[in-house]
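Taking it in order: structure first as structure tokens, then the write-up.
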Amino acid sequence: MSSELFSARTADHYVSTMTQGIDVLARRLAAVDTPTSGRTPAEVEPLVRGVDLDAPLLDVGSALEELERVYLDDAVWFHDPGYAAHLNCPVVVPALLAELFVSSVNSSLDTWDQSGGATFVERHLVDWTAERLGLGPDADGVFTSGGTQSNLQALLMARGQTFLTGDVDPGETFAAALSRFRIFASDESHFSVRKSATLLGLGQGAVTTVPTDERRRLDPEALDVSLGNARAQGLVPMAVVATAGTTDFGVVDPLREIADVCRRHGVWLHVDGAYGGGLITSLRYRHLLDGIEHADSVTVDYHKTFFQPVSASAVLVRHADTLRHVTYHADYLNPRAANLPNQVDKSLQTTRRFDALKLWLTLRVMGADQVGEHLDATLDLARAAHAMLDADPELEVAAEPVLSTLVLRYRPQGVSEALADDVNPRIRTALARSGRFMVAGTVADGRRWLKLTLLNPETTSADVARILDAVRDKGRELLDDLHAYEEAGR
């Protein structure tokens, strides 16, 4: 039996196998005309469950045919203009080229003796990101699996730093201090803030919700009051989490004003820029991040607004020494006496993919300006879509876009809030079932809305108009059905 291991001996087999896979993928891409099949979990699961994993096919061609049935037939294609649901982006080709090397060479970015030059590629990209954020010459960071992990690590570092330098009594135990630690964030912040509080031993109740202004931004004056009240009650403000691009509305909090409040109170400021961090490449919207340079830590997701494949994120810190709060030494791996650039010293993870190479090749082939042009195109599209919605008597839009999300609903004149709450989730389900369009859903101010997330720079205003037409047409159809049902019941 021939070896399937990747090596010099199997180079020809490797090329043949990759070529077959690329041929299948290229053929499927050429045939994509909807973002999804529209099939339900009950229809898809039996196709996968029916595969006997103990009976290998022993043939690449047969395995690829099976892969089409169990995966590609029901994959969701984010590059299709009918997709406007979640924060998923189409990916740029240089990053896919990098994936070939990332997976084939299989470097692990935990220690120098497993990564070689990859260590310095990642470090250089961290420095590049920190410089564009304006964090200063002492900044550092590390790549992570995503925004949730980046936020967790940032808050873990804030917890450690607060225990060392905050309002903690001498001799107070770590556990006792934790019971008084509080995190401050708006109700528009990502759920990972509360999840992190639980994982860090604080509990979700340790997250204090700060009021927002009329634009759904964290209110600096309300934050000032909340921090003062906490201290007056003997609590210890551990961190403030501001958001640069909320998930639903794409809101960017007033970062400069929030930073001023945090500085006065001596509180760690973390900016969750998982969505909006890509603005560091923007040619026209970079100003939306003004003030982020004053943060103590920042989350950036490259697999959102840098058009990179999942996963690629980073957590950046203003002061490199704060990374020590995640450092652990193991004699077999990174002994304390080692004088080597071991990235595991900075990371919550041990084994870790060389995801930084994707961004590296993207910047080396395309350049940051072209990435920024792609991002700017999505923000421009959101503004054009808002103009369509604002002029449509049957569709209601919740707010003007800041980044590239729009919250809307079908609600023509005379339709009550309750009826709109009933109809709009049905519209979303029906569109997905058709396979032609995918939109997201959310709850805002207690009401059910639809959401467009526009992260495809090749999507046009005409494409968005077709999505809105489908929302409107399906809404009319559902209302007619409901009215007919009511008439039949009388």
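Simple scheme: letters A, B, ... for chains in structure tokens order, numbers from 1 for residues in each chain, numbers from 1 for ligands in the order shown.
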**OP:** May I have the residues within 10 Å of A:Phe354 as a list in words, using only C-alpha atoms and disregarding those fewer than 2 positions away in the same chain?
**Re:** Ala98, Glu99, Phe101, Val102, Ser103, Val105, Asn106, Ser107, Ser108, Leu109, Asp110, Ser115, Ala118, Thr119, Val121, Glu122, Phe143, Ala312, Thr351, Arg352, Ala356, Leu357 and Lys358 of chain A
Subject >> Residues of stretch 223-451 of chain A in strand (DSSP E), written as a PyMOL selection string >> reply: chain A and resi 236-243+268-273+297-301+313-317+395-397+405-410+438-444+447-451
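Using only C-alpha atoms, the smallest distance between any of A:Thr405, A:Thr429, A:Asn334, A:Thr453 and A:Asp113 comes from A:Asn334.
With distances restricted to only C-alpha atoms, A:Pro220 is the closest residue to A:Arg264 from A:Pro220, A:Gly276, A:Pro211, A:Pro94.
Atom pair atom CA of A:Leu482 / atom CA of A:Asp445 has a distance of 24.9 Å (rounded to one decimal).
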**OP:** Quick one: everything within 12 Å of A:Glu400, counting only C-alpha atoms, minus sequence neighbours fewer than 3 positions away in the same chain. Send it as JSON, numbers by chain.
**Re:** {"A": [214, 215, 216, 249, 250, 251, 379, 382, 383, 384, 385, 386, 387, 388, 389, 390, 396, 397, 403, 404, 405, 406, 407, 408]}
Subject >> Non-local contacts of A:Thr208 (7 Å; only C-alpha atoms; under 3 positions in same chain excluded) as a list in words >> reply: Arg182, Ile183, Phe184 and Ala185 of chain A
Expected file contents, prior selection, N, CA and C atoms, as a PDB file, in the first residue's frame:
ATOM      1  N   ARG A 182     -15.424  44.018  38.237  1.00  0.00           N
ATOM      2  CA  ARG A 182     -16.533  44.297  37.336  1.00  0.00           C
ATOM      3  C   ARG A 182     -16.021  44.716  35.955  1.00  0.00           C
ATOM      4  N   ILE A 183     -16.763  44.291  34.927  1.00  0.00           N
ATOM      5  CA  ILE A 183     -16.510  44.668  33.533  1.00  0.00           C
ATOM      6  C   ILE A 183     -17.658  45.563  33.096  1.00  0.00           C
ATOM      7  N   PHE A 184     -17.359  46.598  32.320  1.00  0.00           N
ATOM      8  CA  PHE A 184     -18.373  47.564  31.884  1.00  0.00           C
ATOM      9  C   PHE A 184     -18.478  47.535  30.366  1.00  0.00           C
ATOM     10  N   ALA A 185     -19.696  47.314  29.867  1.00  0.00           N
ATOM     11  CA  ALA A 185     -19.920  47.230  28.422  1.00  0.00           C
ATOM     12  C   ALA A 185     -21.366  47.597  28.132  1.00  0.00           C
TER      13      ALA A 185
END
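Nearest-residue note for A:Phe120: choosing from A:Asn342, A:Ala177, A:Leu348, A:Phe307, the minimum distance belongs to A:Asn342, counting only C-alpha atoms.
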Once DSSP has gone over the backbone, tell me which residues of stretch 170-352 of chain A are in alpha helix (DSSP H), as a tab-separated table (two decimals) with C-alpha atoms, in the first residue's frame.
chain	number	residue	atom	x	y	z
A	174	PHE	CA	-7.14	36.38	44.29
A	175	ALA	CA	-10.49	34.64	44.79
A	176	ALA	CA	-11.70	37.33	47.18
A	177	ALA	CA	-10.66	40.09	44.81
A	178	LEU	CA	-12.43	38.45	41.87
A	192	SER	CA	-18.32	36.85	24.24
A	193	VAL	CA	-17.85	39.59	26.87
A	194	ARG	CA	-20.32	37.87	29.18
A	195	LYS	CA	-19.05	34.45	28.19
A	196	SER	CA	-15.52	35.55	29.06
A	197	ALA	CA	-16.67	36.84	32.45
A	198	THR	CA	-17.99	33.37	33.22
A	199	LEU	CA	-14.85	31.61	32.00
A	220	PRO	CA	-19.17	58.10	27.97
A	221	GLU	CA	-21.01	60.19	30.57
A	222	ALA	CA	-23.03	57.19	31.70
A	223	LEU	CA	-19.80	55.18	31.84
A	224	ASP	CA	-18.22	57.83	34.05
A	225	VAL	CA	-21.16	57.58	36.46
A	226	SER	CA	-21.16	53.77	36.40
A	227	LEU	CA	-17.46	53.58	37.23
A	228	GLY	CA	-17.84	56.08	40.05
A	229	ASN	CA	-20.82	54.23	41.50
A	230	ALA	CA	-18.94	50.93	41.38
A	231	ARG	CA	-16.01	52.31	43.34
A	232	ALA	CA	-18.36	53.89	45.87
A	255	LEU	CA	-13.55	55.62	21.42
A	256	ARG	CA	-11.68	58.82	22.22
A	257	GLU	CA	-14.20	59.98	24.81
A	258	ILE	CA	-14.39	56.51	26.37
A	259	ALA	CA	-10.59	56.39	26.55
A	260	ASP	CA	-10.59	59.71	28.40
A	261	VAL	CA	-13.02	58.32	30.99
A	262	CYS	CA	-10.95	55.15	31.41
A	263	ARG	CA	-7.79	57.18	31.86
A	264	ARG	CA	-9.38	59.29	34.62
A	265	HIS	CA	-10.55	56.18	36.45
A	302	TYR	CA	-8.77	39.35	9.75
A	303	HIS	CA	-11.35	36.77	8.68
A	304	LYS	CA	-14.02	39.45	8.52
A	305	THR	CA	-13.00	42.78	7.02
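Near A:Ala158, within 9 Å and counting only C-alpha atoms, sit Gln153, Ala154, Leu155, Gln161, Thr162, Phe163, Met238, Ala239, Val267, Trp268, Leu269, His270, Asp296, Ser297, Thr322 and His325 of chain A, not including residues fewer than 3 positions from it in the same chain.
Relative to atom CA of A:Asp380, atom CA of A:Leu283 is found at 12.1 Å.
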Subject >> Which of A:Gly160, A:Gly146, A:Pro401, A:Gly372 sits closest to A:Arg284 [using only C-alpha atoms] >> reply: A:Gly372
Set the distance at 9 Å and use only C-alpha atoms: which residues neighbour stretch 80-90 of chain A once local chain neighbours fewer than 4 positions away are removed? I'd like the list as a PDB file with C-alpha atoms, in the first residue's frame.
ATOM      1  CA  VAL A  32     -22.920  28.368  -8.183  1.00  0.00           C
ATOM      2  CA  ASP A  33     -25.994  30.514  -8.790  1.00  0.00           C
ATOM      3  CA  THR A  34     -27.526  30.568  -5.306  1.00  0.00           C
ATOM      4  CA  PRO A  35     -25.902  30.910  -1.889  1.00  0.00           C
ATOM      5  CA  THR A  36     -27.418  27.708  -0.489  1.00  0.00           C
ATOM      6  CA  VAL A  76     -23.168  28.044   1.947  1.00  0.00           C
ATOM      7  CA  THR A 247     -22.661  42.744  15.327  1.00  0.00           C
ATOM      8  CA  TYR A 275     -15.693  43.697  12.821  1.00  0.00           C
ATOM      9  CA  HIS A 303     -11.351  36.774   8.676  1.00  0.00           C
ATOM     10  CA  LYS A 304     -14.023  39.451   8.522  1.00  0.00           C
ATOM     11  CA  THR A 305     -13.003  42.775   7.021  1.00  0.00           C
ATOM     12  CA  PHE A 306      -9.599  41.705   5.672  1.00  0.00           C
ATOM     13  CA  PHE A 307     -11.279  38.985   3.519  1.00  0.00           C
ATOM     14  CA  GLN A 308      -9.221  36.140   4.963  1.00  0.00           C
ATOM     15  CA  PRO A 309     -10.288  32.510   5.365  1.00  0.00           C
ATOM     16  CA  GLY A 435     -31.983  28.797  -1.676  1.00  0.00           C
ATOM     17  CA  ARG A 436     -31.856  32.090  -3.579  1.00  0.00           C
ATOM     18  CA  PHE A 437     -31.244  34.546  -0.752  1.00  0.00           C
ATOM     19  CA  MET A 438     -29.928  34.447   2.798  1.00  0.00           C
ATOM     20  CA  VAL A 439     -30.509  37.248   5.304  1.00  0.00           C
ATOM     21  CA  ALA A 440     -30.037  37.261   9.055  1.00  0.00           C
ATOM     22  CA  GLY A 441     -32.513  37.949  11.816  1.00  0.00           C
ATOM     23  CA  LYS A 451     -30.522  42.081   8.902  1.00  0.00           C
ATOM     24  CA  LEU A 452     -28.344  42.485   5.840  1.00  0.00           C
ATOM     25  CA  THR A 453     -24.618  42.044   6.366  1.00  0.00           C
ATOM     26  CA  LEU A 454     -22.852  43.240   3.231  1.00  0.00           C
ATOM     27  CA  LEU A 455     -19.294  41.934   3.174  1.00  0.00           C
ATOM     28  CA  ASN A 456     -18.938  41.127  -0.510  1.00  0.00           C
ATOM     29  CA  PRO A 457     -17.202  43.933  -2.423  1.00  0.00           C
ATOM     30  CA  GLU A 458     -18.462  42.476  -5.709  1.00  0.00           C
ATOM     31  CA  THR A 459     -22.124  42.663  -4.694  1.00  0.00           C
ATOM     32  CA  THR A 460     -23.889  45.507  -6.527  1.00  0.00           C
ATOM     33  CA  ASP A 463     -28.048  42.597  -6.277  1.00  0.00           C
ATOM     34  CA  VAL A 464     -29.237  44.222  -3.051  1.00  0.00           C
ATOM     35  CA  ARG A 466     -33.181  41.862  -5.768  1.00  0.00           C
ATOM     36  CA  ILE A 467     -32.859  40.812  -2.128  1.00  0.00           C
TER      37      ILE A 467
END
**OP:** Please provide the set of residues having any atom within 12 Å of A:Val51, restricted to only C-alpha atoms, with same-chain residues fewer than 4 positions apart removed, written as a ChimeraX atom specification.
**Re:** /A:45-47,55-57,63,66-67,69-70
